[in-house]
Each structure stands twice: as C-alpha cells, then as structure tokens.
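**Q** Contents of final_24.tsv (TSV, N, CA and C atoms) are below:
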chain	number	residue	atom	x	y	z
B	1	MET	N	-79.69	-30.61	33.06
B	1	MET	CA	-80.72	-29.73	32.57
B	1	MET	C	-81.76	-29.52	33.67
B	2	ALA	N	-82.06	-28.28	33.95
B	2	ALA	CA	-83.12	-27.99	34.93
B	2	ALA	C	-84.47	-28.11	34.24
B	3	ALA	N	-85.46	-28.40	35.03
B	3	ALA	CA	-86.81	-28.51	34.50
B	3	ALA	C	-87.69	-27.48	35.18
B	4	ALA	N	-88.74	-27.06	34.50
B	4	ALA	CA	-89.67	-26.07	35.02
B	4	ALA	C	-90.97	-26.77	35.39
B	5	LEU	N	-91.61	-26.28	36.44
B	5	LEU	CA	-92.88	-26.85	36.87
B	5	LEU	C	-93.95	-26.55	35.83
B	6	ALA	N	-94.68	-27.57	35.45
B	6	ALA	CA	-95.79	-27.37	34.53
B	6	ALA	C	-96.82	-26.44	35.16
B	7	PRO	N	-97.55	-25.69	34.35
B	7	PRO	CA	-98.52	-24.76	34.92
B	7	PRO	C	-99.69	-25.45	35.63
B	8	PHE	N	-99.77	-26.74	35.52
B	8	PHE	CA	-100.77	-27.50	36.26
B	8	PHE	C	-100.11	-27.88	37.59
B	9	PHE	N	-100.20	-27.01	38.59
B	9	PHE	CA	-99.45	-27.22	39.83
B	9	PHE	C	-99.72	-28.57	40.46
B	10	ASN	N	-100.96	-29.02	40.47
B	10	ASN	CA	-101.31	-30.29	41.08
B	10	ASN	C	-101.17	-31.45	40.10
B	11	SER	N	-101.11	-31.14	38.82
B	11	SER	CA	-101.00	-32.14	37.76
B	11	SER	C	-102.03	-33.24	37.89
B	12	GLN	N	-103.26	-32.87	38.20
B	12	GLN	CA	-104.36	-33.83	38.25
B	12	GLN	C	-105.29	-33.53	37.09
B	13	PHE	N	-105.69	-34.58	36.38
B	13	PHE	CA	-106.53	-34.42	35.21
B	13	PHE	C	-107.89	-35.04	35.46
B	14	LEU	N	-108.92	-34.38	34.92
B	14	LEU	CA	-110.30	-34.83	35.08
B	14	LEU	C	-110.94	-34.97	33.71
B	15	THR	N	-111.99	-35.76	33.63
B	15	THR	CA	-112.77	-35.87	32.40
B	15	THR	C	-113.66	-34.63	32.28
B	16	ASP	N	-114.30	-34.44	31.14
B	16	ASP	CA	-115.23	-33.33	30.97
B	16	ASP	C	-116.38	-33.39	31.97
B	17	ALA	N	-116.71	-34.60	32.42
B	17	ALA	CA	-117.79	-34.78	33.40
B	17	ALA	C	-117.31	-34.55	34.83
B	18	GLY	N	-116.02	-34.27	35.01
B	18	GLY	CA	-115.48	-34.01	36.34
B	18	GLY	C	-114.97	-35.23	37.07
B	19	ALA	N	-114.99	-36.38	36.42
B	19	ALA	CA	-114.47	-37.61	37.04
B	19	ALA	C	-112.94	-37.63	36.94
B	20	VAL	N	-112.30	-38.31	37.86
B	20	VAL	CA	-110.85	-38.47	37.83
B	20	VAL	C	-110.46	-39.25	36.58
B	21	ALA	N	-109.42	-38.79	35.89
B	21	ALA	CA	-108.98	-39.42	34.64
B	21	ALA	C	-107.98	-40.55	34.94
B	22	ALA	N	-108.35	-41.46	35.79
B	22	ALA	CA	-107.48	-42.59	36.17
B	22	ALA	C	-107.20	-43.47	34.96
B	23	GLY	N	-105.91	-43.76	34.76
B	23	GLY	CA	-105.52	-44.63	33.66
B	23	GLY	C	-105.52	-43.96	32.29
B	24	TYR	N	-105.86	-42.68	32.23
B	24	TYR	CA	-105.82	-41.96	30.96
B	24	TYR	C	-104.37	-41.76	30.54
B	25	LEU	N	-104.17	-41.38	29.31
B	25	LEU	CA	-102.84	-41.23	28.73
B	25	LEU	C	-102.59	-39.76	28.40
B	26	LEU	N	-101.45	-39.23	28.84
B	26	LEU	CA	-101.06	-37.87	28.53
B	26	LEU	C	-99.87	-37.92	27.57
B	27	TYR	N	-100.12	-37.51	26.34
B	27	TYR	CA	-99.08	-37.45	25.32
B	27	TYR	C	-98.49	-36.05	25.31
B	28	THR	N	-97.17	-35.94	25.14
B	28	THR	CA	-96.51	-34.64	25.12
B	28	THR	C	-95.71	-34.49	23.84
B	29	TYR	N	-95.88	-33.32	23.20
B	29	TYR	CA	-95.27	-33.05	21.90
B	29	TYR	C	-94.59	-31.69	21.90
B	30	THR	N	-93.70	-31.49	20.95
B	30	THR	CA	-93.21	-30.15	20.67
B	30	THR	C	-94.38	-29.37	20.12
B	31	THR	N	-94.62	-28.16	20.66
B	31	THR	CA	-95.79	-27.40	20.27
B	31	THR	C	-95.85	-27.19	18.76
B	32	GLY	N	-97.05	-27.29	18.20
B	32	GLY	CA	-97.25	-27.10	16.77
B	32	GLY	C	-96.89	-28.29	15.91
B	33	THR	N	-96.52	-29.42	16.54
B	33	THR	CA	-96.10	-30.60	15.78
B	33	THR	C	-96.73	-31.85	16.39
B	34	SER	N	-96.43	-32.98	15.75
B	34	SER	CA	-96.79	-34.28	16.32
B	34	SER	C	-95.53	-35.03	16.75
B	35	THR	N	-94.43	-34.27	16.95
B	35	THR	CA	-93.16	-34.85	17.37
B	35	THR	C	-93.16	-35.01	18.90
B	36	PRO	N	-93.04	-36.24	19.41
B	36	PRO	CA	-93.02	-36.44	20.86
B	36	PRO	C	-91.91	-35.62	21.52
B	37	LYS	N	-92.21	-35.06	22.69
B	37	LYS	CA	-91.23	-34.28	23.45
B	37	LYS	C	-91.27	-34.76	24.89
B	38	ALA	N	-90.10	-35.05	25.44
B	38	ALA	CA	-89.99	-35.61	26.79
B	38	ALA	C	-90.36	-34.57	27.85
B	39	THR	N	-91.02	-35.05	28.91
B	39	THR	CA	-91.22	-34.29	30.14
B	39	THR	C	-90.38	-34.98	31.21
B	40	ARG	N	-90.30	-34.40	32.38
B	40	ARG	CA	-89.43	-34.92	33.43
B	40	ARG	C	-90.22	-35.29	34.68
B	41	THR	N	-89.63	-36.15	35.50
B	41	THR	CA	-90.29	-36.61	36.73
B	41	THR	C	-89.98	-35.72	37.93
B	42	SER	N	-88.97	-34.84	37.81
B	42	SER	CA	-88.61	-33.97	38.92
B	42	SER	C	-87.92	-32.72	38.40
B	43	GLN	N	-87.70	-31.77	39.29
B	43	GLN	CA	-87.08	-30.50	38.93
B	43	GLN	C	-85.64	-30.68	38.45
B	44	THR	N	-84.96	-31.71	38.89
B	44	THR	CA	-83.58	-31.91	38.46
B	44	THR	C	-83.49	-32.25	36.98
B	45	GLY	N	-84.58	-32.75	36.41
B	45	GLY	CA	-84.62	-33.05	34.99
B	45	GLY	C	-83.89	-34.31	34.59
B	46	GLY	N	-83.40	-35.08	35.56
B	46	GLY	CA	-82.59	-36.25	35.24
B	46	GLY	C	-83.34	-37.44	34.67
B	47	THR	N	-84.61	-37.58	35.00
B	47	THR	CA	-85.37	-38.75	34.56
B	47	THR	C	-86.56	-38.32	33.73
B	48	ALA	N	-86.66	-38.86	32.53
B	48	ALA	CA	-87.78	-38.54	31.64
B	48	ALA	C	-88.99	-39.41	31.98
B	49	ASN	N	-90.18	-38.82	31.82
B	49	ASN	CA	-91.42	-39.61	31.91
B	49	ASN	C	-91.54	-40.49	30.67
B	50	ALA	N	-92.31	-41.54	30.76
B	50	ALA	CA	-92.70	-42.28	29.57
B	50	ALA	C	-93.59	-41.36	28.74
B	51	ASN	N	-93.68	-41.61	27.45
B	51	ASN	CA	-94.56	-40.82	26.59
B	51	ASN	C	-95.35	-41.79	25.72
B	52	PRO	N	-96.61	-42.04	26.06
B	52	PRO	CA	-97.46	-41.25	26.94
B	52	PRO	C	-97.24	-41.58	28.42
B	53	ILE	N	-97.62	-40.61	29.25
B	53	ILE	CA	-97.64	-40.79	30.69
B	53	ILE	C	-98.97	-41.44	31.05
B	54	VAL	N	-98.94	-42.53	31.79
B	54	VAL	CA	-100.17	-43.16	32.25
B	54	VAL	C	-100.52	-42.53	33.60
B	55	LEU	N	-101.69	-41.88	33.68
B	55	LEU	CA	-102.09	-41.22	34.92
B	55	LEU	C	-102.44	-42.26	35.98
B	56	ASP	N	-102.13	-41.94	37.23
B	56	ASP	CA	-102.39	-42.89	38.31
B	56	ASP	C	-103.88	-42.93	38.67
B	57	SER	N	-104.22	-43.65	39.73
B	57	SER	CA	-105.62	-43.85	40.10
B	57	SER	C	-106.31	-42.55	40.53
B	58	ALA	N	-105.53	-41.51	40.82
B	58	ALA	CA	-106.09	-40.20	41.16
B	58	ALA	C	-106.04	-39.24	39.97
B	59	GLY	N	-105.64	-39.76	38.78
B	59	GLY	CA	-105.52	-38.92	37.60
B	59	GLY	C	-104.33	-37.98	37.64
B	60	ARG	N	-103.31	-38.34	38.41
B	60	ARG	CA	-102.14	-37.48	38.61
B	60	ARG	C	-100.88	-38.05	37.97
B	61	CYS	N	-99.91	-37.14	37.81
B	61	CYS	CA	-98.58	-37.53	37.36
B	61	CYS	C	-97.59	-36.45	37.77
B	62	ALA	N	-96.32	-36.83	37.88
B	62	ALA	CA	-95.25	-35.86	38.08
B	62	ALA	C	-94.98	-35.24	36.71
B	63	LEU	N	-95.05	-33.93	36.61
B	63	LEU	CA	-94.97	-33.29	35.29
B	63	LEU	C	-94.10	-32.05	35.35
B	64	TRP	N	-92.87	-32.21	34.92
B	64	TRP	CA	-91.92	-31.10	34.84
B	64	TRP	C	-91.52	-30.96	33.37
B	65	LEU	N	-91.37	-29.72	32.91
B	65	LEU	CA	-91.11	-29.44	31.50
B	65	LEU	C	-89.70	-28.89	31.32
B	66	ASP	N	-89.12	-29.11	30.14
B	66	ASP	CA	-87.87	-28.44	29.81
B	66	ASP	C	-88.15	-26.95	29.88
B	67	ASP	N	-87.25	-26.19	30.48
B	67	ASP	CA	-87.53	-24.77	30.71
B	67	ASP	C	-87.19	-23.88	29.52
B	68	ASP	N	-86.82	-24.47	28.39
B	68	ASP	CA	-86.43	-23.65	27.24
B	68	ASP	C	-87.35	-23.79	26.03
B	69	SER	N	-88.51	-24.41	26.19
B	69	SER	CA	-89.38	-24.59	25.03
B	69	SER	C	-90.82	-24.81	25.48
B	70	GLU	N	-91.73	-24.83	24.49
B	70	GLU	CA	-93.14	-25.04	24.77
B	70	GLU	C	-93.58	-26.42	24.30
B	71	TYR	N	-94.70	-26.86	24.86
B	71	TYR	CA	-95.25	-28.19	24.60
B	71	TYR	C	-96.68	-28.11	24.09
B	72	ALA	N	-97.11	-29.22	23.51
B	72	ALA	CA	-98.52	-29.50	23.27
B	72	ALA	C	-98.83	-30.77	24.05
B	73	PHE	N	-99.97	-30.81	24.72
B	73	PHE	CA	-100.40	-31.98	25.46
B	73	PHE	C	-101.68	-32.51	24.84
B	74	GLU	N	-101.81	-33.83	24.80
B	74	GLU	CA	-103.06	-34.47	24.43
B	74	GLU	C	-103.43	-35.45	25.52
B	75	LEU	N	-104.63	-35.30	26.05
B	75	LEU	CA	-105.15	-36.23	27.03
B	75	LEU	C	-106.09	-37.17	26.31
B	76	LYS	N	-105.82	-38.48	26.44
B	76	LYS	CA	-106.64	-39.49	25.77
B	76	LYS	C	-107.10	-40.53	26.79
B	77	THR	N	-108.22	-41.15	26.48
B	77	THR	CA	-108.69	-42.25	27.32
B	77	THR	C	-107.73	-43.42	27.15
B	78	ALA	N	-107.86	-44.43	28.01
B	78	ALA	CA	-107.03	-45.62	27.90
B	78	ALA	C	-107.23	-46.32	26.56
B	79	ALA	N	-108.40	-46.10	25.93
B	79	ALA	CA	-108.69	-46.69	24.62
B	79	ALA	C	-108.18	-45.82	23.48
B	80	GLY	N	-107.62	-44.65	23.79
B	80	GLY	CA	-107.03	-43.80	22.76
B	80	GLY	C	-107.93	-42.71	22.21
B	81	ALA	N	-109.10	-42.48	22.79
B	81	ALA	CA	-110.00	-41.41	22.33
B	81	ALA	C	-109.53	-40.07	22.89
B	82	LEU	N	-109.41	-39.09	22.02
B	82	LEU	CA	-108.96	-37.75	22.43
B	82	LEU	C	-109.99	-37.09	23.34
B	83	VAL	N	-109.53	-36.59	24.49
B	83	VAL	CA	-110.37	-35.88	25.44
B	83	VAL	C	-110.14	-34.38	25.32
B	84	LYS	N	-108.86	-33.97	25.30
B	84	LYS	CA	-108.52	-32.55	25.28
B	84	LYS	C	-107.11	-32.37	24.75
B	85	ARG	N	-106.89	-31.22	24.07
B	85	ARG	CA	-105.55	-30.86	23.60
B	85	ARG	C	-105.22	-29.46	24.09
B	86	TRP	N	-103.99	-29.28	24.56
B	86	TRP	CA	-103.49	-27.96	24.94
B	86	TRP	C	-102.26	-27.67	24.10
B	87	ASP	N	-102.16	-26.47	23.56
B	87	ASP	CA	-100.99	-26.06	22.76
B	87	ASP	C	-100.27	-24.90	23.44
B	88	ASP	N	-99.00	-24.73	23.08
B	88	ASP	CA	-98.19	-23.61	23.56
B	88	ASP	C	-98.09	-23.55	25.08
B	89	VAL	N	-97.85	-24.70	25.70
B	89	VAL	CA	-97.74	-24.79	27.15
B	89	VAL	C	-96.26	-24.68	27.53
B	90	GLY	N	-95.94	-23.71	28.36
B	90	GLY	CA	-94.57	-23.54	28.84
B	90	GLY	C	-94.53	-23.72	30.35
B	91	GLY	N	-93.37	-24.02	30.87
B	91	GLY	CA	-93.23	-24.20	32.31
B	91	GLY	C	-93.13	-22.88	33.05
B	92	MET	N	-93.32	-22.95	34.35
B	92	MET	CA	-93.16	-21.78	35.20
B	92	MET	C	-91.66	-21.58	35.43
B	93	PRO	N	-91.17	-20.33	35.37
B	93	PRO	CA	-89.73	-20.11	35.56
B	93	PRO	C	-89.30	-20.47	36.98
B	94	PRO	N	-88.08	-21.00	37.12
B	94	PRO	CA	-87.57	-21.33	38.45
B	94	PRO	C	-87.45	-20.06	39.30
B	95	VAL	N	-87.62	-20.18	40.59
B	95	VAL	CA	-87.56	-19.03	41.50
B	95	VAL	C	-86.19	-18.38	41.49
B	96	ALA	N	-85.14	-19.15	41.29
B	96	ALA	CA	-83.78	-18.62	41.39
B	96	ALA	C	-83.33	-17.86	40.14
B	97	THR	N	-84.21	-17.63	39.18
B	97	THR	CA	-83.82	-16.92	37.97
B	97	THR	C	-84.38	-15.51	37.99
B	98	ALA	N	-83.95	-14.73	37.05
B	98	ALA	CA	-84.46	-13.36	36.92
B	98	ALA	C	-85.69	-13.33	36.03
B	99	SER	N	-86.23	-14.49	35.69
B	99	SER	CA	-87.42	-14.56	34.83
B	99	SER	C	-88.62	-13.99	35.57
B	100	TYR	N	-89.68	-13.76	34.83
B	100	TYR	CA	-90.89	-13.24	35.43
B	100	TYR	C	-92.09	-14.00	34.92
B	101	VAL	N	-93.19	-13.90	35.64
B	101	VAL	CA	-94.46	-14.50	35.24
B	101	VAL	C	-95.39	-13.36	34.86
B	102	PRO	N	-95.87	-13.29	33.61
B	102	PRO	CA	-96.80	-12.22	33.24
B	102	PRO	C	-98.16	-12.46	33.88
B	103	LEU	N	-98.73	-11.38	34.39
B	103	LEU	CA	-100.05	-11.44	34.99
B	103	LEU	C	-101.01	-10.59	34.16
B	104	VAL	N	-102.27	-10.65	34.47
B	104	VAL	CA	-103.30	-9.88	33.77
B	104	VAL	C	-102.99	-8.39	33.89
B	105	GLY	N	-103.22	-7.64	32.82
B	105	GLY	CA	-103.06	-6.19	32.86
B	105	GLY	C	-101.63	-5.71	32.65
B	106	GLY	N	-100.76	-6.59	32.17
B	106	GLY	CA	-99.38	-6.19	31.89
B	106	GLY	C	-98.49	-6.15	33.12
B	107	VAL	N	-98.99	-6.53	34.28
B	107	VAL	CA	-98.21	-6.58	35.51
B	107	VAL	C	-97.37	-7.85	35.50
B	108	THR	N	-96.19	-7.81	36.07
B	108	THR	CA	-95.36	-9.01	36.13
B	108	THR	C	-95.01	-9.32	37.58
B	109	MET	N	-94.66	-10.57	37.82
B	109	MET	CA	-94.22	-11.02	39.14
B	109	MET	C	-92.83	-11.61	38.97
B	110	THR	N	-91.86	-11.08	39.68
B	110	THR	CA	-90.51	-11.58	39.56
B	110	THR	C	-90.33	-12.84	40.38
B	111	GLY	N	-89.27	-13.57	40.08
B	111	GLY	CA	-89.01	-14.83	40.76
B	111	GLY	C	-88.41	-14.66	42.14
B	112	ARG	N	-88.08	-13.49	42.55
B	112	ARG	CA	-87.50	-13.26	43.89
B	112	ARG	C	-88.26	-12.18	44.60
Take the structure in the file and give it back as structure tokens.

**A**
Amino acid sequence: MAAALAPFFNSQFLTDAGAVAAGYLLYTYTTGTSTPKATRTSQTGGTANANPIVLDSAGRCALWLDDDSEYAFELKTAAGALVKRWDDVGGMPPVATASYVPLVGGVTMTGR
C-alpha cells in the first residue's frame, strides 16, 4: 500500500503559545469517528506509527497517510489534555499519479 504525505510537510507541532510540542501525543482516527486509524512512517506504507504518536523533542514525527481516505487528528499534551483537533485531513497525492491538488480560485495543479 502506498502512503500519501500528510499536508503538514514538516510535521512539526507547536502549542498555542508557539512552543515546541515535545512529548505531546498525536492521535489519528477515521474522520468523523473515534475509531483509531493507522498512519505510516514512510511513503512505502510498510510500517505503521504507534497510535498515539509520541512527538519527539522537536515536536516532530514521520507522518504519512493512507492515500484512499481522510483522517481526524487530535493533539494532546502528555497528560492527555486536548490541544487541537483537525477533521477531514487527506494526504497529498503522489507525484506519479494523475491526481491533482486543488488551489484557490478553482485552479488545479497536476502531479506531473
């Protein structure tokens, strides 16, 4: 299974105050539900991340998504307090496909 790059290209998370979210927990779900959904550690899709993903000392993680569905993310402190939730998050289409990325104003960008 191929994986798509999450729209967070750098995959670094910060607190609302702008501090690095070191040690925070990123939970991933099927969008619109509380059902856990696996993310991947690389584009090959062979290895799943733990769920939740524990962010490193720079607030980063390897974050690749299944390319056929959307996710919901919840960022929580190490103590479990909710910081932020994102819904309907999909991955960026792979360059080698005929998929496109919609841009503002109805313009699209093709993968080639």

**Q** Measuring atom to atom with only C-alpha atoms, identify which of B:Gln12, B:Thr41, B:Thr77, B:Thr35 is nearest to Leu65 (chain B).

**A**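 Ranking B:Gln12, B:Thr41, B:Thr77, B:Thr35 by distance to Leu65 (chain B), first place goes to B:Thr41.
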
**Q** Which residues are near Asp87 (chain B)? Cut-off 6 Å, all atoms listed in the file, ignore same chain within fewer than 5 positions. Put them as a list of chain:residue names.

**A**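 Using all atoms listed in the file, the neighbours found are B:Thr31, B:Tyr71, B:Ala72, B:Phe73.
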
**Q** Hey, can you check how far atom C of Gly45 (chain B) sits from atom C of Gly32 (chain B)?

**A**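 Here the two named atoms are 23.5 Å from each other.
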
**Q** So the first atom is atom C of Asn51 (chain B) and the second is CA of Gly23 (chain B); what is the distance between them in Å, to one decimal place?

**A**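 Calculated distance between atom C of Asn51 (chain B) and CA of Gly23 (chain B) is 13.2 Å.
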
**Q** What's the separation between CA of Val54 (chain B) and CA of Gly80 (chain B), in Å to one decimal place?

**A**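 We find that CA of Val54 (chain B) and CA of Gly80 (chain B) lie 11.7 Å from each other.
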
**Q** What would the list of residues within 8 Å of (-109.0, -40.1, 29.7) (file frame) look like as an mmCIF file with N, CA and C atoms, in the coordinates of the input, if only N, CA and C atoms are what count?

**A**
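The file below, part_34.cif, is the result:
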data_model
loop_
_atom_site.group_PDB
_atom_site.id
_atom_site.type_symbol
_atom_site.label_atom_id
_atom_site.label_comp_id
_atom_site.auth_asym_id
_atom_site.auth_seq_id
_atom_site.Cartn_x
_atom_site.Cartn_y
_atom_site.Cartn_z
ATOM 1 N N PHE B 13 -105.690 -34.580 36.380
ATOM 2 C CA PHE B 13 -106.530 -34.420 35.210
ATOM 3 C C PHE B 13 -107.890 -35.040 35.460
ATOM 4 N N LEU B 14 -108.920 -34.380 34.920
ATOM 5 C CA LEU B 14 -110.300 -34.830 35.080
ATOM 6 C C LEU B 14 -110.940 -34.970 33.710
ATOM 7 N N THR B 15 -111.990 -35.760 33.630
ATOM 8 C CA THR B 15 -112.770 -35.870 32.400
ATOM 9 C C THR B 15 -113.660 -34.630 32.280
ATOM 10 N N ASP B 16 -114.300 -34.440 31.140
ATOM 11 C CA ASP B 16 -115.230 -33.330 30.970
ATOM 12 C C ASP B 16 -116.380 -33.390 31.970
ATOM 13 N N VAL B 20 -112.300 -38.310 37.860
ATOM 14 C CA VAL B 20 -110.850 -38.470 37.830
ATOM 15 C C VAL B 20 -110.460 -39.250 36.580
ATOM 16 N N ALA B 21 -109.420 -38.790 35.890
ATOM 17 C CA ALA B 21 -108.980 -39.420 34.640
ATOM 18 C C ALA B 21 -107.980 -40.550 34.940
ATOM 19 N N ALA B 22 -108.350 -41.460 35.790
ATOM 20 C CA ALA B 22 -107.480 -42.590 36.170
ATOM 21 C C ALA B 22 -107.200 -43.470 34.960
ATOM 22 N N GLY B 23 -105.910 -43.760 34.760
ATOM 23 C CA GLY B 23 -105.520 -44.630 33.660
ATOM 24 C C GLY B 23 -105.520 -43.960 32.290
ATOM 25 N N TYR B 24 -105.860 -42.680 32.230
ATOM 26 C CA TYR B 24 -105.820 -41.960 30.960
ATOM 27 C C TYR B 24 -104.370 -41.760 30.540
ATOM 28 N N LEU B 25 -104.170 -41.380 29.310
ATOM 29 C CA LEU B 25 -102.840 -41.230 28.730
ATOM 30 C C LEU B 25 -102.590 -39.760 28.400
ATOM 31 N N LEU B 26 -101.450 -39.230 28.840
ATOM 32 C CA LEU B 26 -101.060 -37.870 28.530
ATOM 33 C C LEU B 26 -99.870 -37.920 27.570
ATOM 34 N N LEU B 75 -104.630 -35.300 26.050
ATOM 35 C CA LEU B 75 -105.150 -36.230 27.030
ATOM 36 C C LEU B 75 -106.090 -37.170 26.310
ATOM 37 N N LYS B 76 -105.820 -38.480 26.440
ATOM 38 C CA LYS B 76 -106.640 -39.490 25.770
ATOM 39 C C LYS B 76 -107.100 -40.530 26.790
ATOM 40 N N THR B 77 -108.220 -41.150 26.480
ATOM 41 C CA THR B 77 -108.690 -42.250 27.320
ATOM 42 C C THR B 77 -107.730 -43.420 27.150
ATOM 43 N N ALA B 78 -107.860 -44.430 28.010
ATOM 44 C CA ALA B 78 -107.030 -45.620 27.900
ATOM 45 C C ALA B 78 -107.230 -46.320 26.560
ATOM 46 N N ALA B 79 -108.400 -46.100 25.930
ATOM 47 C CA ALA B 79 -108.690 -46.690 24.620
ATOM 48 C C ALA B 79 -108.180 -45.820 23.480
ATOM 49 N N GLY B 80 -107.620 -44.650 23.790
ATOM 50 C CA GLY B 80 -107.030 -43.800 22.760
ATOM 51 C C GLY B 80 -107.930 -42.710 22.210
ATOM 52 N N ALA B 81 -109.100 -42.480 22.790
ATOM 53 C CA ALA B 81 -110.000 -41.410 22.330
ATOM 54 C C ALA B 81 -109.530 -40.070 22.890
ATOM 55 N N LEU B 82 -109.410 -39.090 22.020
ATOM 56 C CA LEU B 82 -108.960 -37.750 22.430
ATOM 57 C C LEU B 82 -109.990 -37.090 23.340
ATOM 58 N N VAL B 83 -109.530 -36.590 24.490
ATOM 59 C CA VAL B 83 -110.370 -35.880 25.440
ATOM 60 C C VAL B 83 -110.140 -34.380 25.320
ATOM 61 N N LYS B 84 -108.860 -33.970 25.300
ATOM 62 C CA LYS B 84 -108.520 -32.550 25.280
ATOM 63 C C LYS B 84 -107.110 -32.370 24.750
#

**Q** Would you please work out which residue, of B:Ser42, B:Thr28, B:Ser11, B:Gly90, is nearest to Ala58 (chain B) when using only N, CA and C atoms?

**A**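 Closest to Ala58 (chain B) of all the choices is B:Ser11.
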
**Q** For Arg40 (chain B), please output as a PyMOL selection string all residues within 6 Å (counting all atoms listed in the file; exclusion window: fewer than 4 positions along the same chain).

**A** chain B and resi 45+47-49+62-66

**Q** From the list B:Gly91, B:Ala38, B:Tyr29, B:Gln43, which residue is nearest Asp67 (chain B) when using only N, CA and C atoms?

**A**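 Of the candidates, the smallest distance to Asp67 (chain B) is held by B:Gly91.
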
**Q** Kindly list the centre and edge lengths in Å, rounded to one decimal, for the axis-aligned box that covers all listed atoms of region 53-59 of chain B plus 6 Å on each of its six sides, as lines of an AutoDock Vina configuration file.

**A**
center_x = -102.0
center_y = -40.9
center_z = 35.2
size_x = 20.7
size_y = 17.9
size_z = 23.9
